[in-house]
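Student: I am attaching a structure below and will ask some questions about it afterwards.
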Amino acid sequence: MSGKKVLTISVFLAIFTWLGLYFLINSFSPKTWARSLFFPLLFAALTTTFVPVAFYLNYRFARPKGQMVSNWRPIRQSGWAALFLMLCAWLQTLRALNWIIAALVLAVFSLIEVFILTRE
């Protein structure tokens with residue numbers, strides 16, 4: 001699948017998931033089953049929102065001379081960013097988030113991505 005198709009699908013999915021998240025937040029009480037839908041929907045919304053940004057950054061900085069970057073790399077990196085933010089939001093709901101934990105989680109995710117990039 002080409003990069004333009006991935007970006008188009010990502011933009012439409014981002015709009016759809018953000019609208020779903022808006023509907024979920026404004027229509028249901030946080031004490032109900034809506035809490036279990038919030039985090040997966042937040043993950044999907046953040047992932048699809050970060051895909052165009054990751055595509056641009058990979059196109060601009062990570063592309064070797066004359067070679068195209070795989071379409072999976074920006075999607076994977078968007079997933080890491082969304083997972084980090086979703087994990088921070090979940091830890092904040094538990095009142096367990098502080099700067100040290102956030103920095104450690106970010107360092108772990110960054111190291112995993114560096115290991116993946118060295119294997120490519």
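Note on naming: chains are A, B, ... as they come in the structure tokens, residues start from 1 per chain, ligands start from 1 in the order shown.
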Could you list, as a list in words, every residue within 12 Å of Leu85 (chain A), counting only C-alpha atoms and ignoring same-chain residues fewer than 2 positions away?
Tutor: Phe39, Pro40, Leu42, Phe43, Ala44, Ala45, Leu46, Thr47, Phe50, Ser78, Gly79, Trp80, Ala81, Ala82, Leu83, Leu87, Cys88, Ala89, Trp90, Leu91, Gln92, Leu97, Ala102, Ala103, Val105, Leu106 and Phe109 of chain A
Student: Select from region 1-115 of chain A everything DSSP, run on the backbone, classes as alpha helix (DSSP H), then give the selection as number ranges by chain.
Tutor: A: 3-27, 34-61, 72-93, 99-115
Student: So the first atom is CA of Val11 (chain A) and the second is CA of Gln77 (chain A); what is the distance between them in Å, to one decimal place?
Tutor: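 One can read the CA of Val11 (chain A) to CA of Gln77 (chain A) distance as 16.3 Å.
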Student: Given the choices A:Ile25, A:Val6, A:Ala96, A:Arg35, which gets closest to Pro74 (chain A) if the distance is worked out from only C-alpha atoms?
Tutor: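 Comparing A:Ile25, A:Val6, A:Ala96, A:Arg35 against Pro74 (chain A), the winner is A:Val6.
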Student: Please measure the separation of CA of Met1 (chain A) and CA of Asn71 (chain A), giving the value in Å to one decimal.
Tutor: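 Between CA of Met1 (chain A) and CA of Asn71 (chain A) the gap is 7.9 Å.
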Student: Please determine, counting only C-alpha atoms, which residue among A:Asn26, A:Met68, A:Phe84, A:Leu94 has the shortest atom-to-atom distance to Ala107 (chain A).
Tutor: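 Closest to Ala107 (chain A), using only C-alpha atoms: A:Phe84.
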